[in-house]
Structure formats: C-alpha cells, structure tokens
Amino acid sequence: GAITFGPLFQVVVTPAQAISGKSVFLLFFDPYTRAAPLTGCIILVMMVAMALTAHTRVRRKTFNFSRPPQNLQDLISWMLLSLAFLLLAPILLPWWFLKWLCGCQRAESSSATDRKKMGGFLIFWGVHKLWAPVYILLLVHGPQCWIWFLWPLILLICDRLVSSDRRKQQIMLKGAEMLKSNVMKLTFGMPPGFIYQAGQYIQICCDQVNGEEWHPFTLTSAPEEKDLSVH
C-alpha cells in the first residue's frame, strides 16, 4: 500500500525556554555559548577597573599606605582605588597566592618597607595591561568581535614597530634645578643625530624607576643649543 506522510513541524525554542531549568553554573559554563555570560562579566569588571584607575584622582596621586586619608580629596581617591581592587580581587588573589606558593614573598620581604608609597600612574599602567586578556576574552565571548578591534590592534602594532628604535635611544641627565612654583628644570645631553624644532615634545622614561613608564615633556631649549632642557 501507499505510505503517506503528514506535515512536518519544526519546534521553535525561545531563549527563555532554552535557559529554563538550568542552574546558574550551567548558564555561566555552557560550552554551546562559549561561556558568554562568564566572559562578559569578566570583561565588564576589567574595563570598569581600567576606567577607575584612569581617573585623575587615582592616576595623578601618590598613595601612602602607612596613613589614612587626610582630607576629602584623599578619601575620594582611596574609594576609587578600593573599588577597583574589589573588582579585580577574584583575579589578583589567585595570582598572589601562586606567588606565595612559589616562595616569592621571601625575595620581596626586604623591599616591603619601600612599598608604603606607590604612584597612581604605576597602578594605572599595571591595571591597563589587562587590555590583552580583554581582547582574548572578546574573541571567546563573540567570534565576530575581531571585526571591531582588528584595526586598533593593527595601529597598536604599527606604533610599537615605529617607536621600537626610538625607545632604545638613551640620553644622559646633566642637571636638575628646582625653580619657583615647584617647577623643575631638567637638562640632558644632546643625543647623536637628534634633530628637533621649537615647540616639539619628547617622551622620557627612567629605566631605574619603570622601564614602561613614559612621560611627554615639551622641549624648552632652542634647536641651536648644545643641550636639551625640559620643565
């Protein structure tokens, strides 16, 4: 006899039905969604911490960990820093615990007294190194995210390649003079082959302080002078 088939119906599952009955653990670590809720929360936490440390009240302040805040401005700076630390605590605490297991605390015990003060820029720069994990998590969070940060990544690589040779150039500090209104004048020797025009600026880094901390300074010396001076 003849065999007949009825109409075929495709079952449509709404997003609410798809997550119905699943625990929070399964929602965060679902391999079919590449753990998108978890990676999204981590990305958000990192970017908020980066924004908090980029604030001028954190980036331009020197934190003294041996004394409490002295005024309202200090209190605001400490609140911003504490909030950033609380956000990054789930990431920082396991890393510090691994360092403790490796015995790194012995090497750092001698320099513990030197860490009563810490510059806000150093904190800002250390937190902003999280841009690399953020980019990696974006690829896991959404495979199409590479479209949005491909060009910024290319520009970053080009900037690093162009400035790699310039960053190797060294200059010698000849003198430092304290002027009025807490203005300091620094005089450097002219590096070989260095050509500049009036009004240009240079970026200076002190390797003894931090090899990755660069600050721009406007050149106050004339091109015909033998030394470079900045204020």
# chains A, B, ... in the order shown; residues from 1 in each chain; ligands from 1
$ residues_around --residues "segment 74-79 of chain A" --least-positions-apart "2" --cutoff "12 Å" --atoms "only C-alpha atoms" --output "list of chain:residue names"
A:Leu52, A:Thr53, A:Ala54, A:His55, A:Thr56, A:Arg57, A:Val58, A:Arg59, A:Arg60, A:Lys61, A:Thr62, A:Phe63, A:Asn64, A:Phe65, A:Arg67, A:Pro68, A:Pro69, A:Gln70, A:Asn71, A:Leu72, A:Leu81, A:Ser82, A:Leu83, A:Ala84, A:Phe85, A:Leu86, A:Gly120
$ select_by_dssp --residues "segment 153-213 of chain A" --states "helix (DSSP H, G or I)" --output "list of chain:residue names"
A:Leu153, A:Ile154, A:Leu155, A:Leu156, A:Ile157, A:Cys158, A:Asp159, A:Arg160, A:Leu161, A:Val162, A:Ser163, A:Ser164, A:Asp165, A:Arg166, A:Arg167, A:Lys180, A:Ser181, A:Asn182
$ residues_around --residues "Met184 of chain A" --least-positions-apart "5" --cutoff "12 Å" --atoms "only C-alpha atoms" --output "list in words"
Gly175, Ala176, Glu177, Met178, Leu179, Phe217, Ser229, Val230 and His231 of chain A
$ write_last_selection --atoms "C-alpha atoms" --output "PDB file, in the first residue's frame"
ATOM      1  CA  GLY A 175      71.487  68.686  35.804  1.00  0.00           C
ATOM      2  CA  ALA A 176      68.257  69.261  37.723  1.00  0.00           C
ATOM      3  CA  GLU A 177      67.222  72.665  39.048  1.00  0.00           C
ATOM      4  CA  MET A 178      64.237  73.496  41.223  1.00  0.00           C
ATOM      5  CA  LEU A 179      62.573  76.739  40.148  1.00  0.00           C
ATOM      6  CA  PHE A 217      57.788  66.823  28.034  1.00  0.00           C
ATOM      7  CA  SER A 229      66.072  71.151  28.528  1.00  0.00           C
ATOM      8  CA  VAL A 230      62.559  70.398  29.718  1.00  0.00           C
ATOM      9  CA  HIS A 231      60.470  71.812  32.549  1.00  0.00           C
TER      10      HIS A 231
END
